[in-house]
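J.: First the structure, which I've put down as structure tokens, then a few questions once you've had a look.
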Amino acid sequence: MDELTLLRNTRSETEPPESTLHRGRAALLAAASGSAQPHISTSRRPRRARRFAIGGLSTVGAAALVAGLVLTDVVGLAGWRGGADAAAAAVLDEASAAAITSVDQAVQPGQYLRVNTRGVHLSSGGIGDVVASYQYASDDTLYRPADPSDDWVWVRGPQSIAATFGPESEQVANAWWEAVSSSSGSFEAGDLLRAPGGAFYGGDAGAGFADLDQLPRDPYRLLNYIYRVTLGSGPSPDTEALVYMADRLRAGNVPADLRAAMYKAAAMIPGVTFISDQATLDGRTGVAIGRVEDAWGTRVDIIIDPDTGTFIGDREVLLRDQDGVPAGTAVRWTSVTSSVVDEAPEGGSVCGKMTVNPDTGQC
Amino acid sequence: MSNTDVGTDNEVIERSADEPGAFALLFDRHAPAIYRYAAQRLGEGSAEDVMSETFLVAFEKRAAYDLAIVDARPWLFGIATRLMHKHVRLEARAWKGMVADLAAQLSPDMIEQAGARLDAARLTRRLASALRGLPASDRDTLLLYAWGDLDYAGIARALDVPIGTVRSRLNRARRILRTAAGTNDPELEKEHGRVDAAAQHT
């Protein structure tokens with residue numbers, strides 16, 4: 001039994017529905033006969049529903065509800081199933097008001113948007129019979145040029161052991177670090193990447209930066225949009241909606257008006273509660289709102305500076321002891337700082353320390 | 001299905017030069033596998049589009065197919081993989097979603113065997129998160145191997161890279177996955193072919 005077998009055992013054995021095959025075959029035959037392709041409907045709902053229901057609305061139910069959703073997101077899951085508790089709604093409204101009045105510093109030609117992301121993550125490993133979890137820290141800085149087709153620079157700071165939980169955990173963490181530091185090809189020990197259009201490691205150019213202009217600024221439509229695009233993912237639509245917002249905010253490039261809309265939209269998510277008005281993350285203090293996710297045994301928090309509406313970061317707090325990690329631990333957190341700078345570091349390559357294939361140019 | 005006889009993939013493709021409709025045979029043979037691969041990576045919502053588009057692209061490019069190669073699956077999986085690159089964010093989300101779903105499929109027995117004394121949900125979450133963290137080229141390689149059932153040569157053909165590259169990518173991806181799954185075992189550091197080929201999936 002190894003990791004590949006594990007992965008292989010998670011394979012989907014779902015057969016495509018007959019109607020799907022028919023449509024695909026018809027499209028192909030239409031192309032083959034030289035005629036125009038028939039219109040392929042894209043408004044299908046997932047055939048096999050996921051089997052869990054949390055927080056009063058199952059993914060199945062959501063799928064059924066949204067099946068006929070119009071693209072303007074006027075109708076959807078938002079707004080009629082309750083919302084955040086009163087205290088959370090109040091701080092989110094306040095943060096939204098602060099965000100809308102703040103002005104993002106413009107990135108002038110030749111300048112860069114510099115986004116520094118510091119975080120702690122949970123990992124695990126094994127030595128012989130010993131399997132244990134530990135946390136490691138990361139510190140990454142992305143320089144995004146004013147013209148997104150120019151060179152982007154990604155400084156991957158060296159990772160480090162952030163926390164261990166007992167002797168076995170320490171042993172496993174040390175083994176990880178020894179493996180990382182003894183290999184010259186470990187990006188974990190620090191790396192410098194540079195790629196036109198942000199296509200690091202030969203990936204998609206500027207992933208996560210492209211669609212910001214298209215997201216609705218109306219909080220209600222925004223939330224419907226988020227429910228729609230995340231449908232079928234995550235343990236519950238409501239947690240997934242909050243996670244989606246955290247994912248986007250973490251990129252450090254969400255403009256003030258969209259940030260304001262996101263906070264208001266978060267206030268409409270059922271199950272979102274006020275956590276603390278003195279939440280400290282990486283030395284910065286703000287208000288925290290969060291949502292308990294029973295399926296994960298954790299609570300997902302977003303932390304915001306109430307005075308400016310600036311997104312400070314997000315974290316996931318463990319609610320029960322797990323794998324030797326005590327309840328109450330922030331198993332994962334990220335803190336984000338954005339600024340506009342005149343220069344990016346020099347050097348770096350698309351693949352960094354990863355080997356480049358001379359024939360294909362790929363990493 | 002009616003079209004059962006009628007030759008190997010390369011013969012079908014060759015025939016489709018004069019007889020375009022014959023290409024549908026290729027669809028009947030391989031569309032379900034492409035669909036499953038896409039559904040696993042992106043969720044079922046987008047699998048149909050990827051499947052459909054894969055065969056349309058393949059059809060347009062059929063003149064470029066190397067007729068010496070009997071099995072067309074690497075070619076088709078390669079096209080599907082490239083098409084899926086349009087869906088990076090969606091893919092990341094699909095993996096978050098797969099976690100709870102797949103946890104149910106991993107029997108406690110398997111978890112025990114894996115030596116990872118973690119509950120199934122935690123384990124699949126880690127796998128999903130490790131998958132998300134891989135560079136795209138490593139991920140493609142790994143998933144073509146694990147979910148697309150291609151061998152090293154097939155992956156090399158699908159991604160248009162030398163076999164040595166496939167091997168090094170797979171090793172790197174497996175190392176990361178192994179750490180995530182907590183299945184470290186020095187025995188597995190050795191390069192061998194399909195380990196645990198008898199793994200059950202029911």
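Here's how to read the names in the structure tokens: chain A, B, ... by the order shown, residue numbers from 1 in each chain, ligand numbers from 1 in the order shown.
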Would you give me, as an NGL selection string, the residues in region 57-194 of chain A that DSSP reads as strand (DSSP E or B)?
T.: :A and (57-58 or 112-127 or 130-145 or 151-156 or 160-164 or 191-194)
J.: Measuring between only C-alpha atoms, which one of A:Ala78, A:Leu193, A:Ala90, A:Ala97 shows the shortest distance to Ala344 (chain A)?
T.: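 Looking only at the distances to Ala344 (chain A), the closest residue turns out to be A:Leu193.
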J.: Tell me, as a VMD selection string, which residues lie within 7 Å of region 110-125 of chain A, counting only C-alpha atoms; anything in the same chain fewer than 6 positions away does not count.
T.: (chain A and resid 131 to 146 162 172 252 331 to 343) or (chain B and resid 179 to 180 182 184)
J.: Fewer than 6 positions away in the same chain doesn't count, so skip those; otherwise give me all residues within 9 Å of region 261-265 of chain A, counting only C-alpha atoms, as an MDAnalysis selection string.
T.: chainID A and resid 78 89 92:96 99:100 216:223 245 309
J.: Keeping C-alpha atoms for every residue in the selection just given, could you write it to a file as a compact mmCIF listing (two decimals), in the first residue's frame?
T.:
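File written: part-v3.txt
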```txt
# COMPACT_ATOMS: atom_id res chain seq x y z
CA ALA A 78 -28.23 34.19 -1.01
CA ALA A 89 -22.99 41.31 10.64
CA LEU A 92 -18.67 43.13 8.63
CA ASP A 93 -20.84 46.10 7.75
CA GLU A 94 -18.42 48.39 9.53
CA ALA A 95 -15.44 46.84 7.74
CA SER A 96 -17.28 47.15 4.45
CA ALA A 99 -13.15 49.47 2.81
CA ILE A 100 -15.39 51.40 0.45
CA PRO A 216 -20.31 41.53 -9.07
CA ARG A 217 -19.98 44.52 -6.72
CA ASP A 218 -23.50 44.09 -5.46
CA PRO A 219 -23.09 41.95 -2.30
CA TYR A 220 -26.23 39.93 -2.93
CA ARG A 221 -25.30 39.11 -6.51
CA LEU A 222 -21.72 38.49 -5.49
CA LEU A 223 -22.81 35.92 -2.94
CA MET A 245 -13.68 34.69 -0.10
CA GLY A 309 -11.31 47.38 6.01
```
J.: Using only C-alpha atoms, which residue out of B:Ala39, B:Leu150, B:Ala68, B:Ile79 lies closest to chain A?
T.: B:Ala39
J.: With only C-alpha atoms as the basis for distance, which of B:Tyr152, B:Trp75, B:Phe59, B:Tyr37 is at the shortest distance from Pro20 (chain B)?
T.: B:Phe59
J.: Residues within 7 Å of Val166 (chain B), please, as a short mmCIF file (atom, residue, chain, number, x, y, z; two decimals) with N, CA and C atoms, in the first residue's frame. Count only C-alpha atoms; anything in the same chain fewer than 4 positions from it doesn't count.
T.:
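Output contents, as saved in out_8.cif:
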```cif
data_model
loop_
_atom_site.label_atom_id
_atom_site.label_comp_id
_atom_site.auth_asym_id
_atom_site.auth_seq_id
_atom_site.Cartn_x
_atom_site.Cartn_y
_atom_site.Cartn_z
N THR B 141 1.30 14.82 -14.69
CA THR B 141 1.98 13.54 -14.81
C THR B 141 1.41 12.53 -13.81
N TYR B 152 4.39 5.00 -18.25
CA TYR B 152 5.39 6.06 -18.47
C TYR B 152 5.44 6.50 -19.94
N ILE B 155 2.36 8.53 -20.86
CA ILE B 155 2.40 9.89 -20.33
C ILE B 155 3.38 10.74 -21.13
N ALA B 156 4.53 10.14 -21.45
CA ALA B 156 5.53 10.87 -22.24
C ALA B 156 4.91 11.33 -23.56
N PRO B 162 10.20 13.69 -22.70
CA PRO B 162 10.93 12.42 -22.66
C PRO B 162 10.51 11.58 -21.45
N LEU B 170 7.27 12.14 -11.66
CA LEU B 170 6.49 11.22 -10.83
C LEU B 170 7.15 11.03 -9.47
#
```
J.: Let me make sure I understand: among A:Ala106, A:Ala31, A:Ala86, A:Ala266, which one has the smallest atom-to-atom distance to Val57 (chain B) if we use only C-alpha atoms?
T.: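 Nearest candidate to Val57 (chain B) out of A:Ala106, A:Ala31, A:Ala86, A:Ala266: A:Ala31.
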J.: Rounded to one decimal place, report the CA of Leu134 (chain B)-CA of Ser186 (chain A) distance in Å.
T.: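 Separating CA of Leu134 (chain B) from CA of Ser186 (chain A) is a distance of 13.1 Å.
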J.: Near Asp213 (chain A), counting only C-alpha atoms, which residues have an atom at most 12 Å away, once you skip same-chain residues fewer than 3 positions from it, shown as a PyMOL selection string?
T.: chain A and resi 208-210+216-217+253-258
J.: Write to file, as a compact mmCIF listing (two decimals), in the first residue's frame, the residues of the selection just made, with N, CA and C atoms.
T.:
```
# COMPACT_ATOMS: atom_id res chain seq x y z
N GLY A 208 -5.68 33.70 -10.98
CA GLY A 208 -6.30 34.35 -9.85
C GLY A 208 -6.31 35.87 -9.93
N PHE A 209 -5.75 36.41 -10.99
CA PHE A 209 -5.71 37.86 -11.13
C PHE A 209 -6.63 38.36 -12.24
N ALA A 210 -7.12 37.45 -13.05
CA ALA A 210 -7.73 37.86 -14.30
C ALA A 210 -9.18 38.34 -14.17
N PRO A 216 -19.30 40.54 -9.41
CA PRO A 216 -20.31 41.53 -9.07
C PRO A 216 -19.91 42.36 -7.85
N ARG A 217 -20.24 43.64 -7.87
CA ARG A 217 -19.98 44.52 -6.72
C ARG A 217 -21.20 44.63 -5.82
N ASN A 253 -4.88 41.15 -3.86
CA ASN A 253 -5.08 42.06 -4.99
C ASN A 253 -6.55 42.45 -5.17
N VAL A 254 -7.38 42.17 -4.19
CA VAL A 254 -8.80 42.48 -4.33
C VAL A 254 -9.00 43.98 -4.13
N PRO A 255 -9.56 44.68 -5.13
CA PRO A 255 -9.73 46.12 -5.00
C PRO A 255 -10.75 46.48 -3.91
N ALA A 256 -10.67 47.73 -3.44
CA ALA A 256 -11.45 48.16 -2.28
C ALA A 256 -12.95 47.93 -2.48
N ASP A 257 -13.47 48.24 -3.67
CA ASP A 257 -14.92 48.10 -3.84
C ASP A 257 -15.37 46.64 -3.77
N LEU A 258 -14.53 45.76 -4.28
CA LEU A 258 -14.88 44.34 -4.23
C LEU A 258 -14.72 43.80 -2.80
```
J.: Out of B:Arg73, B:Arg157, B:His30, B:His85, which residue has the shortest atom-to-atom distance to chain A when counting only C-alpha atoms?
T.: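 So, comparing all the options, the nearest one is B:His85.
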J.: Set the distance at 7 Å and use only C-alpha atoms: which residues neighbour Phe274 (chain A) once local chain neighbours fewer than 6 positions away are removed? I'd like the list as a count of residues only.
T.: 5
J.: Choose the residue, out of A:Leu28, A:Val292, A:Asp211, A:Gly348, that has the smallest atom-to-atom separation from Glu53 (chain B); count only C-alpha atoms.
T.: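 Comparing A:Leu28, A:Val292, A:Asp211, A:Gly348 against Glu53 (chain B), the winner is A:Leu28.
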